[in-house]
file model.pdb (PDB, C-alpha atoms)
MODEL        1
ATOM      1  CA  MET A  23     -78.936-123.924-103.677  1.00  0.00           C
ATOM      2  CA  GLY A  24     -75.566-124.815-102.187  1.00  0.00           C
ATOM      3  CA  GLU A  25     -72.205-123.144-102.558  1.00  0.00           C
ATOM      4  CA  HIS A  26     -70.665-123.627-105.974  1.00  0.00           C
ATOM      5  CA  PRO A  27     -67.002-124.609-105.689  1.00  0.00           C
ATOM      6  CA  ALA A  28     -66.340-123.512-109.249  1.00  0.00           C
ATOM      7  CA  GLY A  29     -62.595-124.031-109.382  1.00  0.00           C
ATOM      8  CA  VAL A  30     -62.786-127.587-108.035  1.00  0.00           C
ATOM      9  CA  LEU A  31     -65.453-128.507-110.582  1.00  0.00           C
ATOM     10  CA  ASP A  32     -63.409-127.068-113.441  1.00  0.00           C
ATOM     11  CA  ARG A  33     -60.516-129.262-112.405  1.00  0.00           C
ATOM     12  CA  VAL A  34     -62.684-132.359-111.978  1.00  0.00           C
ATOM     13  CA  PHE A  35     -64.399-131.992-115.355  1.00  0.00           C
ATOM     14  CA  THR A  36     -61.111-131.202-117.077  1.00  0.00           C
ATOM     15  CA  ALA A  37     -59.504-134.203-115.389  1.00  0.00           C
ATOM     16  CA  VAL A  38     -62.152-136.649-116.584  1.00  0.00           C
ATOM     17  CA  SER A  39     -62.322-135.174-120.101  1.00  0.00           C
ATOM     18  CA  ASP A  40     -59.221-137.134-121.115  1.00  0.00           C
ATOM     19  CA  PRO A  41     -59.411-140.891-121.936  1.00  0.00           C
ATOM     20  CA  THR A  42     -55.979-141.690-120.467  1.00  0.00           C
ATOM     21  CA  ARG A  43     -56.893-140.010-117.183  1.00  0.00           C
ATOM     22  CA  ARG A  44     -60.200-141.889-117.096  1.00  0.00           C
ATOM     23  CA  ALA A  45     -58.287-145.124-117.651  1.00  0.00           C
ATOM     24  CA  ILE A  46     -55.946-144.234-114.774  1.00  0.00           C
ATOM     25  CA  LEU A  47     -58.963-143.639-112.530  1.00  0.00           C
ATOM     26  CA  ALA A  48     -60.445-146.985-113.597  1.00  0.00           C
ATOM     27  CA  ARG A  49     -57.117-148.660-112.821  1.00  0.00           C
ATOM     28  CA  LEU A  50     -57.057-147.104-109.350  1.00  0.00           C
ATOM     29  CA  ALA A  51     -60.675-148.074-108.754  1.00  0.00           C
ATOM     30  CA  ASP A  52     -59.456-151.701-108.794  1.00  0.00           C
ATOM     31  CA  SER A  53     -56.617-151.158-106.354  1.00  0.00           C
ATOM     32  CA  ASP A  54     -54.005-148.689-105.200  1.00  0.00           C
ATOM     33  CA  ALA A  55     -50.924-148.659-107.386  1.00  0.00           C
ATOM     34  CA  ARG A  56     -47.415-147.276-107.599  1.00  0.00           C
ATOM     35  CA  VAL A  57     -46.761-144.528-110.140  1.00  0.00           C
ATOM     36  CA  THR A  58     -44.421-146.862-112.013  1.00  0.00           C
ATOM     37  CA  ASP A  59     -47.115-149.580-112.169  1.00  0.00           C
ATOM     38  CA  VAL A  60     -49.598-147.147-113.603  1.00  0.00           C
ATOM     39  CA  ALA A  61     -47.026-145.911-116.124  1.00  0.00           C
ATOM     40  CA  SER A  62     -46.289-149.453-117.318  1.00  0.00           C
ATOM     41  CA  ASP A  63     -50.010-150.080-117.907  1.00  0.00           C
ATOM     42  CA  PHE A  64     -50.217-147.379-120.566  1.00  0.00           C
ATOM     43  CA  PRO A  65     -48.306-146.959-123.803  1.00  0.00           C
ATOM     44  CA  ILE A  66     -47.089-143.501-122.844  1.00  0.00           C
ATOM     45  CA  SER A  67     -43.930-142.197-121.206  1.00  0.00           C
ATOM     46  CA  LEU A  68     -43.440-142.021-117.453  1.00  0.00           C
ATOM     47  CA  ASN A  69     -43.176-138.281-117.885  1.00  0.00           C
ATOM     48  CA  SER A  70     -46.586-137.901-119.496  1.00  0.00           C
ATOM     49  CA  THR A  71     -48.137-140.380-117.066  1.00  0.00           C
ATOM     50  CA  SER A  72     -46.817-138.160-114.260  1.00  0.00           C
ATOM     51  CA  LYS A  73     -48.448-135.124-115.848  1.00  0.00           C
ATOM     52  CA  HIS A  74     -51.799-136.895-116.028  1.00  0.00           C
ATOM     53  CA  ILE A  75     -51.443-138.004-112.415  1.00  0.00           C
ATOM     54  CA  ARG A  76     -50.672-134.462-111.274  1.00  0.00           C
ATOM     55  CA  MET A  77     -53.841-133.212-112.972  1.00  0.00           C
ATOM     56  CA  LEU A  78     -55.835-135.936-111.224  1.00  0.00           C
ATOM     57  CA  GLU A  79     -54.225-134.983-107.911  1.00  0.00           C
ATOM     58  CA  SER A  80     -55.036-131.300-108.362  1.00  0.00           C
ATOM     59  CA  ALA A  81     -58.661-132.259-109.011  1.00  0.00           C
ATOM     60  CA  GLY A  82     -58.603-134.188-105.730  1.00  0.00           C
ATOM     61  CA  LEU A  83     -59.363-137.459-107.520  1.00  0.00           C
ATOM     62  CA  VAL A  84     -56.056-139.144-106.745  1.00  0.00           C
ATOM     63  CA  ARG A  85     -54.099-139.207-103.491  1.00  0.00           C
ATOM     64  CA  ARG A  86     -50.424-139.927-103.264  1.00  0.00           C
ATOM     65  CA  THR A  87     -48.812-141.569-100.260  1.00  0.00           C
ATOM     66  CA  VAL A  88     -45.041-141.560-100.134  1.00  0.00           C
ATOM     67  CA  ARG A  89     -43.493-144.627 -98.487  1.00  0.00           C
ATOM     68  CA  GLY A  90     -39.757-144.374 -98.685  1.00  0.00           C
ATOM     69  CA  ARG A  91     -39.008-144.198-102.390  1.00  0.00           C
ATOM     70  CA  GLU A  92     -42.388-145.522-103.435  1.00  0.00           C
ATOM     71  CA  HIS A  93     -45.270-143.284-104.389  1.00  0.00           C
ATOM     72  CA  ILE A  94     -48.563-145.104-103.892  1.00  0.00           C
ATOM     73  CA  LEU A  95     -51.605-143.711-105.668  1.00  0.00           C
ATOM     74  CA  SER A  96     -55.187-144.202-104.543  1.00  0.00           C
ATOM     75  CA  LEU A  97     -58.528-143.069-105.864  1.00  0.00           C
ATOM     76  CA  ASP A  98     -60.709-140.529-104.060  1.00  0.00           C
ATOM     77  CA  ALA A  99     -64.102-140.545-105.776  1.00  0.00           C
ATOM     78  CA  ALA A 100     -65.672-137.829-103.583  1.00  0.00           C
ATOM     79  CA  PRO A 101     -65.087-134.991-106.091  1.00  0.00           C
ATOM     80  CA  LEU A 102     -66.867-137.061-108.752  1.00  0.00           C
ATOM     81  CA  ALA A 103     -69.929-137.156-106.543  1.00  0.00           C
ATOM     82  CA  LYS A 104     -69.746-133.346-106.299  1.00  0.00           C
ATOM     83  CA  ALA A 105     -69.561-133.117-110.077  1.00  0.00           C
ATOM     84  CA  ALA A 106     -72.598-135.395-110.363  1.00  0.00           C
ATOM     85  CA  ASP A 107     -74.455-133.188-107.844  1.00  0.00           C
ATOM     86  CA  TRP A 108     -73.635-130.145-109.945  1.00  0.00           C
ATOM     87  CA  VAL A 109     -75.057-131.770-113.072  1.00  0.00           C
ATOM     88  CA  GLU A 110     -78.136-132.902-111.149  1.00  0.00           C
ATOM     89  CA  HIS A 111     -78.693-129.415-109.706  1.00  0.00           C
ATOM     90  CA  TYR A 112     -78.909-127.806-113.151  1.00  0.00           C
ATOM     91  CA  ARG A 113     -80.788-130.712-114.696  1.00  0.00           C
ATOM     92  CA  SER A 114     -83.492-130.696-112.056  1.00  0.00           C
ATOM     93  CA  PHE A 115     -83.644-126.882-111.869  1.00  0.00           C
ATOM     94  CA  TRP A 116     -84.244-126.428-115.601  1.00  0.00           C
ATOM     95  CA  SER A 117     -86.472-129.456-116.061  1.00  0.00           C
ATOM     96  CA  ASP A 118     -88.699-128.240-113.195  1.00  0.00           C
ATOM     97  CA  GLN A 119     -88.746-124.780-114.730  1.00  0.00           C
ATOM     98  CA  LEU A 120     -89.711-126.184-118.140  1.00  0.00           C
ATOM     99  CA  ALA A 121     -92.579-128.053-116.502  1.00  0.00           C
ATOM    100  CA  SER A 122     -93.595-124.746-114.953  1.00  0.00           C
ATOM    101  CA  LEU A 123     -93.311-122.958-118.319  1.00  0.00           C
ATOM    102  CA  ASP A 124     -95.440-125.717-119.859  1.00  0.00           C
ATOM    103  CA  ALA A 125     -98.141-125.223-117.214  1.00  0.00           C
ATOM    104  CA  PHE A 126     -97.979-121.434-117.613  1.00  0.00           C
ATOM    105  CA  VAL A 127     -98.233-121.368-121.411  1.00  0.00           C
ATOM    106  CA  THR A 128    -100.714-124.214-121.895  1.00  0.00           C
ATOM    107  CA  GLY A 129    -102.740-123.425-118.760  1.00  0.00           C
ATOM    108  CA  ARG A 130    -102.534-127.059-117.654  1.00  0.00           C
ATOM    109  CA  GLU A 131    -101.472-127.511-114.080  1.00  0.00           C
ATOM    110  CA  ASN A 132    -100.831-131.257-114.352  1.00  0.00           C
ATOM    111  CA  ALA A 133     -97.932-130.704-116.743  1.00  0.00           C
ATOM    112  CA  GLU A 134     -95.540-131.223-113.813  1.00  0.00           C
ATOM    113  CA  THR A 135     -94.699-134.894-114.267  1.00  0.00           C
ATOM    114  CA  SER A 136     -93.613-135.590-117.852  1.00  0.00           C
ATOM    115  CA  SER A 137     -90.134-134.701-118.974  1.00  0.00           C
TER     116      SER A 137
ATOM    117  CA  MET B  26     -56.920-126.265-121.257  1.00  0.00           C
ATOM    118  CA  THR B  27     -60.481-125.297-120.477  1.00  0.00           C
ATOM    119  CA  VAL B  28     -63.327-127.623-121.251  1.00  0.00           C
ATOM    120  CA  GLU B  29     -66.867-126.334-121.484  1.00  0.00           C
ATOM    121  CA  PHE B  30     -69.505-128.278-119.651  1.00  0.00           C
ATOM    122  CA  ALA B  31     -73.165-128.237-120.493  1.00  0.00           C
ATOM    123  CA  VAL B  32     -76.275-129.751-118.999  1.00  0.00           C
ATOM    124  CA  LYS B  33     -79.000-130.328-121.562  1.00  0.00           C
ATOM    125  CA  VAL B  34     -82.691-130.689-120.842  1.00  0.00           C
ATOM    126  CA  ARG B  35     -85.499-131.069-123.329  1.00  0.00           C
ATOM    127  CA  ARG B  36     -89.268-130.902-123.166  1.00  0.00           C
ATOM    128  CA  GLU B  37     -92.088-131.145-125.657  1.00  0.00           C
ATOM    129  CA  ILE B  38     -94.729-128.521-125.016  1.00  0.00           C
ATOM    130  CA  ASP B  39     -98.056-128.322-126.767  1.00  0.00           C
ATOM    131  CA  ALA B  40     -97.921-124.611-127.565  1.00  0.00           C
ATOM    132  CA  PRO B  41     -96.785-122.298-130.356  1.00  0.00           C
ATOM    133  CA  ALA B  42     -93.054-121.551-130.319  1.00  0.00           C
ATOM    134  CA  GLU B  43     -93.802-117.801-130.328  1.00  0.00           C
ATOM    135  CA  ASP B  44     -95.748-118.015-127.068  1.00  0.00           C
ATOM    136  CA  LEU B  45     -92.995-120.036-125.426  1.00  0.00           C
ATOM    137  CA  PHE B  46     -90.300-117.735-126.723  1.00  0.00           C
ATOM    138  CA  ASP B  47     -92.072-114.619-125.468  1.00  0.00           C
ATOM    139  CA  ALA B  48     -92.536-116.139-122.013  1.00  0.00           C
ATOM    140  CA  TRP B  49     -88.737-116.108-121.603  1.00  0.00           C
ATOM    141  CA  LEU B  50     -88.429-112.390-122.316  1.00  0.00           C
ATOM    142  CA  ASP B  51     -91.556-110.863-120.828  1.00  0.00           C
ATOM    143  CA  ALA B  52     -90.848-109.805-117.233  1.00  0.00           C
ATOM    144  CA  GLN B  53     -94.415-110.401-116.042  1.00  0.00           C
ATOM    145  CA  SER B  54     -94.501-113.891-117.540  1.00  0.00           C
ATOM    146  CA  LEU B  55     -91.104-114.769-116.060  1.00  0.00           C
ATOM    147  CA  GLY B  56     -92.412-113.690-112.666  1.00  0.00           C
ATOM    148  CA  LYS B  57     -95.171-116.255-113.005  1.00  0.00           C
ATOM    149  CA  TRP B  58     -93.372-119.341-114.307  1.00  0.00           C
ATOM    150  CA  LEU B  59     -89.718-119.030-113.290  1.00  0.00           C
ATOM    151  CA  LYS B  60     -90.447-119.945-109.727  1.00  0.00           C
ATOM    152  CA  PRO B  61     -88.553-122.937-108.328  1.00  0.00           C
ATOM    153  CA  ARG B  62     -90.031-124.951-105.472  1.00  0.00           C
ATOM    154  CA  GLY B  63     -89.981-123.040-102.198  1.00  0.00           C
ATOM    155  CA  ILE B  64     -89.820-119.634-103.891  1.00  0.00           C
ATOM    156  CA  ARG B  65     -92.703-117.367-102.849  1.00  0.00           C
ATOM    157  CA  GLU B  66     -92.244-114.693-105.418  1.00  0.00           C
ATOM    158  CA  THR B  67     -90.150-113.985-108.503  1.00  0.00           C
ATOM    159  CA  ARG B  68     -89.551-110.398-109.570  1.00  0.00           C
ATOM    160  CA  ALA B  69     -88.105-109.925-113.029  1.00  0.00           C
ATOM    161  CA  GLU B  70     -86.855-106.941-114.986  1.00  0.00           C
ATOM    162  CA  THR B  71     -85.855-107.458-118.608  1.00  0.00           C
ATOM    163  CA  ASP B  72     -84.420-105.371-121.418  1.00  0.00           C
ATOM    164  CA  PRO B  73     -84.973-107.838-124.280  1.00  0.00           C
ATOM    165  CA  ARG B  74     -82.506-106.721-126.927  1.00  0.00           C
ATOM    166  CA  VAL B  75     -79.034-108.007-127.730  1.00  0.00           C
ATOM    167  CA  GLY B  76     -76.724-106.527-125.107  1.00  0.00           C
ATOM    168  CA  GLY B  77     -79.686-105.729-122.838  1.00  0.00           C
ATOM    169  CA  ARG B  78     -79.628-107.018-119.278  1.00  0.00           C
ATOM    170  CA  PHE B  79     -82.107-108.869-117.097  1.00  0.00           C
ATOM    171  CA  ARG B  80     -82.415-109.234-113.365  1.00  0.00           C
ATOM    172  CA  ILE B  81     -84.514-111.904-111.689  1.00  0.00           C
ATOM    173  CA  VAL B  82     -84.932-111.976-107.923  1.00  0.00           C
ATOM    174  CA  MET B  83     -86.426-115.104-106.367  1.00  0.00           C
ATOM    175  CA  VAL B  84     -87.698-114.596-102.855  1.00  0.00           C
ATOM    176  CA  ASN B  85     -88.407-116.988-100.016  1.00  0.00           C
ATOM    177  CA  ASP B  86     -86.907-116.248 -96.575  1.00  0.00           C
ATOM    178  CA  GLU B  87     -83.839-115.007 -98.383  1.00  0.00           C
ATOM    179  CA  SER B  88     -83.703-113.515-101.837  1.00  0.00           C
ATOM    180  CA  PHE B  89     -81.686-114.999-104.673  1.00  0.00           C
ATOM    181  CA  GLU B  90     -80.538-112.703-107.402  1.00  0.00           C
ATOM    182  CA  HIS B  91     -79.971-113.905-110.968  1.00  0.00           C
ATOM    183  CA  SER B  92     -78.727-111.648-113.708  1.00  0.00           C
ATOM    184  CA  GLY B  93     -77.344-111.747-117.202  1.00  0.00           C
ATOM    185  CA  THR B  94     -77.117-110.243-120.666  1.00  0.00           C
ATOM    186  CA  TYR B  95     -78.982-111.238-123.824  1.00  0.00           C
ATOM    187  CA  ARG B  96     -76.569-112.421-126.490  1.00  0.00           C
ATOM    188  CA  GLU B  97     -78.888-113.709-129.234  1.00  0.00           C
ATOM    189  CA  ILE B  98     -82.592-113.105-129.717  1.00  0.00           C
ATOM    190  CA  ASP B  99     -83.892-114.940-132.770  1.00  0.00           C
ATOM    191  CA  ARG B 100     -87.666-115.193-132.331  1.00  0.00           C
ATOM    192  CA  PRO B 101     -89.013-117.875-132.204  1.00  0.00           C
ATOM    193  CA  ARG B 102     -86.026-120.147-132.747  1.00  0.00           C
ATOM    194  CA  ARG B 103     -83.142-119.401-130.450  1.00  0.00           C
ATOM    195  CA  LEU B 104     -82.402-117.400-127.354  1.00  0.00           C
ATOM    196  CA  VAL B 105     -78.955-117.119-125.764  1.00  0.00           C
ATOM    197  CA  PHE B 106     -78.209-115.268-122.563  1.00  0.00           C
ATOM    198  CA  THR B 107     -75.619-115.253-119.832  1.00  0.00           C
ATOM    199  CA  TRP B 108     -76.717-116.345-116.380  1.00  0.00           C
ATOM    200  CA  SER B 109     -75.027-115.595-113.110  1.00  0.00           C
ATOM    201  CA  SER B 110     -76.381-116.488-109.690  1.00  0.00           C
ATOM    202  CA  HIS B 111     -75.528-117.846-106.264  1.00  0.00           C
ATOM    203  CA  ALA B 112     -75.644-121.330-107.817  1.00  0.00           C
ATOM    204  CA  THR B 113     -72.987-120.473-110.427  1.00  0.00           C
ATOM    205  CA  GLY B 114     -70.796-118.904-107.753  1.00  0.00           C
ATOM    206  CA  PHE B 115     -71.654-115.585-109.477  1.00  0.00           C
ATOM    207  CA  ARG B 116     -69.579-116.704-112.421  1.00  0.00           C
ATOM    208  CA  GLU B 117     -71.079-116.134-115.816  1.00  0.00           C
ATOM    209  CA  SER B 118     -72.647-119.202-117.406  1.00  0.00           C
ATOM    210  CA  VAL B 119     -74.423-119.347-120.753  1.00  0.00           C
ATOM    211  CA  VAL B 120     -77.984-120.557-121.255  1.00  0.00           C
ATOM    212  CA  THR B 121     -79.082-121.445-124.786  1.00  0.00           C
ATOM    213  CA  VAL B 122     -82.763-122.083-125.424  1.00  0.00           C
ATOM    214  CA  THR B 123     -83.778-123.521-128.781  1.00  0.00           C
ATOM    215  CA  PHE B 124     -87.320-124.030-130.016  1.00  0.00           C
ATOM    216  CA  GLN B 125     -87.935-126.702-132.565  1.00  0.00           C
ATOM    217  CA  PRO B 126     -91.326-127.318-134.184  1.00  0.00           C
ATOM    218  CA  LEU B 127     -92.323-130.971-133.947  1.00  0.00           C
ATOM    219  CA  PHE B 128     -94.403-130.787-137.092  1.00  0.00           C
ATOM    220  CA  GLU B 129     -95.480-128.285-139.677  1.00  0.00           C
ATOM    221  CA  LEU B 130     -98.966-127.819-141.026  1.00  0.00           C
ATOM    222  CA  ASP B 131     -99.426-127.756-144.739  1.00  0.00           C
ATOM    223  CA  ARG B 132    -101.579-124.674-145.136  1.00  0.00           C
ATOM    224  CA  GLY B 133    -101.857-124.737-148.906  1.00  0.00           C
ATOM    225  CA  ARG B 134    -101.365-126.870-151.948  1.00  0.00           C
ATOM    226  CA  ASP B 135     -98.147-125.130-152.869  1.00  0.00           C
ATOM    227  CA  PRO B 136     -95.446-126.998-150.925  1.00  0.00           C
ATOM    228  CA  SER B 137     -93.263-123.870-150.828  1.00  0.00           C
ATOM    229  CA  ARG B 138     -95.922-122.158-148.709  1.00  0.00           C
ATOM    230  CA  ARG B 139     -95.841-124.379-145.666  1.00  0.00           C
ATOM    231  CA  ALA B 140     -96.612-122.473-142.513  1.00  0.00           C
ATOM    232  CA  ARG B 141     -95.407-123.273-139.087  1.00  0.00           C
ATOM    233  CA  GLY B 142     -98.068-125.211-137.234  1.00  0.00           C
ATOM    234  CA  ARG B 143     -99.733-123.883-134.120  1.00  0.00           C
ATOM    235  CA  GLY B 144     -99.897-127.352-132.690  1.00  0.00           C
ATOM    236  CA  SER B 145     -97.118-129.161-130.922  1.00  0.00           C
ATOM    237  CA  GLN B 146     -93.858-127.329-130.631  1.00  0.00           C
ATOM    238  CA  GLY B 147     -90.727-128.632-129.089  1.00  0.00           C
ATOM    239  CA  LEU B 148     -88.455-126.868-126.752  1.00  0.00           C
ATOM    240  CA  ALA B 149     -84.896-127.841-126.045  1.00  0.00           C
ATOM    241  CA  PRO B 150     -83.197-125.423-123.682  1.00  0.00           C
ATOM    242  CA  ARG B 151     -79.609-125.935-122.811  1.00  0.00           C
ATOM    243  CA  GLY B 152     -77.866-124.556-119.767  1.00  0.00           C
ATOM    244  CA  MET B 153     -74.150-124.257-120.148  1.00  0.00           C
ATOM    245  CA  VAL B 154     -71.624-123.135-117.645  1.00  0.00           C
ATOM    246  CA  GLY B 155     -68.406-121.940-119.125  1.00  0.00           C
ATOM    247  CA  ARG B 156     -65.950-119.095-119.036  1.00  0.00           C
ATOM    248  CA  PRO B 157     -66.934-115.526-119.784  1.00  0.00           C
ATOM    249  CA  ALA B 158     -66.452-115.101-123.494  1.00  0.00           C
TER     250      ALA B 158
ENDMDL
END

call {"tool": "encode", "arguments": {"input": "model.pdb", "output": "structure tokens"}}
result
Amino acid sequence: MGEHPAGVLDRVFTAVSDPTRRAILARLADSDARVTDVASDFPISLNSTSKHIRMLESAGLVRRTVRGREHILSLDAAPLAKAADWVEHYRSFWSDQLASLDAFVTGRENAETSS
Amino acid sequence: MTVEFAVKVRREIDAPAEDLFDAWLDAQSLGKWLKPRGIRETRAETDPRVGGRFRIVMVNDESFEHSGTYREIDRPRRLVFTWSSHATGFRESVVTVTFQPLFELDRGRDPSRRARGRGSQGLAPRGMVGRPA
């Protein structure tokens, strides 16, 4: 049972809970993009696009490289894998325990496999 | 903004809801079934009333402590307790266990006197990690 980086996960899940931010991630999955390019893809102001991007950056999902006056954004999917691991940890823990409860209450040891 | 995240698992178990429900609260029973792979022994202490606490220690080479407080005890339908452990970073999460009968037996001719069947009962526990309430 590994370390639980709670704060990071909160930020990742919060970041992907918003449809605009998910669309920005999908955009960056295709290719890196400038902040202004991303902003022009969505029917929202540059200001609110910037807010969404900052949330994605604080979750570690987006990296910003500054080249002169251009800010280039790129996707870092690693935190998403951590979030998926977190979900899988709880899913497998409780589904194994329910199999164990099943075996305990019904007295059948082969209850392990179904789910 | 805080979003609450929940992982949901579900299992159909061929046992009365009461038996399943009691297995979550009885310390001796917990010690027998709440034993993840690799754990040699589980020691549980429970105080099964709303506001009562539980402590579950799972032992292999190390020991892993889990603890929490019962928030709702509605036998045999719904059980809600907080859950804090190494895996939650010792932050409080909330586990909700609901028990749903898969069918009811008609025990008499009067349809208003249907009794809960002792056949198949469903179980749909839900583990949820959120902020302390």

call {"tool": "interface_residues", "arguments": {"input": "model.pdb", "of": "chain B", "to": "chain A", "cutoff": "8 Å", "atoms": "all atoms listed in the file", "output": "PyMOL selection string"}}
result
chain B and resi 26-28+30+32-40+44-45+48+57-61+111-114+152

call {"tool": "resolve_selection", "arguments": {"input": "model.pdb", "expression": "the PyMOL selection byres ((chain A and resi 44) around 12)", "output": "VMD selection string"}}
result
chain A and resid 34 to 43 45 to 51 64 74 to 75 77 to 78 83 to 84 97 102

call {"tool": "resolve_selection", "arguments": {"input": "model.pdb", "expression": "the PyMOL selection byres ((chain B and resi 105-109) around 12)", "output": "PyMOL selection string"}}
result
(chain A and resi 26) or (chain B and resi 46+49-50+71-82+89-104+110-124+150-158)

call {"tool": "atom_distance", "arguments": {"input": "model.pdb", "atom1": "CA of Ala81 (chain A)", "atom2": "CA of Leu95 (chain A)"}}
result
13.9 Å

call {"tool": "atom_distance", "arguments": {"input": "model.pdb", "atom1": "CA of Gly129 (chain A)", "atom2": "CA of Asn85 (chain B)"}}
result
24.5 Å

call {"tool": "atom_distance", "arguments": {"input": "model.pdb", "atom1": "CA of Arg86 (chain A)", "atom2": "CA of Ala55 (chain A)"}}
result
9.7 Å

call {"tool": "resolve_selection", "arguments": {"input": "model.pdb", "expression": "the PyMOL selection byres ((chain A and resi 56-61) around 8)", "output": "PyMOL selection string"}}
result
chain A and resi 46+49+54-55+62-68+71-72+92-95

call {"tool": "residues_near_point", "arguments": {"input": "model.pdb", "point": "(-88.4, -116.2, -98.8)", "cutoff": "8 Å", "atoms": "only C-alpha atoms", "output": "ChimeraX atom specification"}}
result
/B:63-66,83-88

call {"tool": "residues_near_point", "arguments": {"input": "model.pdb", "point": "(-66.8, -132.0, -101.8)", "cutoff": "10 Å", "atoms": "only C-alpha atoms", "output": "MDAnalysis selection string"}}
result
chainID A and resid 27 30:31 82 99:105 107

call {"tool": "decode", "arguments": {"input": "model.pdb", "residues": "region 95-114 of chain A", "atoms": "N, CA and C atoms", "output": "mmCIF file, in the first residue's frame"}}
result
data_model
loop_
_atom_site.group_PDB
_atom_site.id
_atom_site.type_symbol
_atom_site.label_atom_id
_atom_site.label_comp_id
_atom_site.auth_asym_id
_atom_site.auth_seq_id
_atom_site.Cartn_x
_atom_site.Cartn_y
_atom_site.Cartn_z
ATOM 1 N N LEU A 95 2.573 25.394 -24.220
ATOM 2 C CA LEU A 95 2.012 24.439 -23.262
ATOM 3 C C LEU A 95 2.157 23.019 -23.790
ATOM 4 N N SER A 96 2.501 22.095 -22.881
ATOM 5 C CA SER A 96 2.509 20.686 -23.276
ATOM 6 C C SER A 96 1.875 19.832 -22.181
ATOM 7 N N LEU A 97 1.393 18.694 -22.611
ATOM 8 C CA LEU A 97 0.683 17.794 -21.695
ATOM 9 C C LEU A 97 1.678 16.911 -20.946
ATOM 10 N N ASP A 98 1.436 16.715 -19.648
ATOM 11 C CA ASP A 98 2.173 15.692 -18.898
ATOM 12 C C ASP A 98 1.134 14.752 -18.289
ATOM 13 N N ALA A 99 1.001 13.561 -18.863
ATOM 14 C CA ALA A 99 -0.085 12.666 -18.447
ATOM 15 C C ALA A 99 0.252 11.852 -17.204
ATOM 16 N N ALA A 100 1.494 11.966 -16.697
ATOM 17 C CA ALA A 100 1.895 11.118 -15.560
ATOM 18 C C ALA A 100 0.952 11.213 -14.354
ATOM 19 N N PRO A 101 0.510 12.425 -13.960
ATOM 20 C CA PRO A 101 -0.395 12.485 -12.808
ATOM 21 C C PRO A 101 -1.714 11.757 -13.047
ATOM 22 N N LEU A 102 -2.139 11.666 -14.316
ATOM 23 C CA LEU A 102 -3.376 10.926 -14.603
ATOM 24 C C LEU A 102 -3.196 9.446 -14.307
ATOM 25 N N ALA A 103 -1.991 8.946 -14.591
ATOM 26 C CA ALA A 103 -1.713 7.548 -14.300
ATOM 27 C C ALA A 103 -1.762 7.311 -12.782
ATOM 28 N N LYS A 104 -1.260 8.297 -12.019
ATOM 29 C CA LYS A 104 -1.329 8.185 -10.552
ATOM 30 C C LYS A 104 -2.766 8.146 -10.068
ATOM 31 N N ALA A 105 -3.601 8.999 -10.695
ATOM 32 C CA ALA A 105 -5.015 9.034 -10.324
ATOM 33 C C ALA A 105 -5.674 7.686 -10.636
ATOM 34 N N ALA A 106 -5.313 7.122 -11.790
ATOM 35 C CA ALA A 106 -5.870 5.818 -12.171
ATOM 36 C C ALA A 106 -5.408 4.729 -11.192
ATOM 37 N N ASP A 107 -4.145 4.825 -10.740
ATOM 38 C CA ASP A 107 -3.633 3.868 -9.752
ATOM 39 C C ASP A 107 -4.420 3.955 -8.446
ATOM 40 N N TRP A 108 -4.732 5.198 -8.074
ATOM 41 C CA TRP A 108 -5.476 5.422 -6.833
ATOM 42 C C TRP A 108 -6.844 4.736 -6.905
ATOM 43 N N VAL A 109 -7.533 4.966 -8.038
ATOM 44 C CA VAL A 109 -8.843 4.350 -8.231
ATOM 45 C C VAL A 109 -8.706 2.827 -8.177
ATOM 46 N N GLU A 110 -7.684 2.308 -8.870
ATOM 47 C CA GLU A 110 -7.495 0.869 -8.952
ATOM 48 C C GLU A 110 -7.168 0.268 -7.572
ATOM 49 N N HIS A 111 -6.398 1.018 -6.773
ATOM 50 C CA HIS A 111 -6.063 0.538 -5.432
ATOM 51 C C HIS A 111 -7.330 0.279 -4.611
ATOM 52 N N TYR A 112 -8.230 1.282 -4.579
ATOM 53 C CA TYR A 112 -9.447 1.120 -3.785
ATOM 54 C C TYR A 112 -10.387 0.099 -4.395
ATOM 55 N N ARG A 113 -10.475 0.112 -5.739
ATOM 56 C CA ARG A 113 -11.369 -0.835 -6.402
ATOM 57 C C ARG A 113 -10.934 -2.271 -6.093
ATOM 58 N N SER A 114 -9.647 -2.541 -6.250
ATOM 59 C CA SER A 114 -9.217 -3.920 -6.040
ATOM 60 C C SER A 114 -9.236 -4.279 -4.551
#
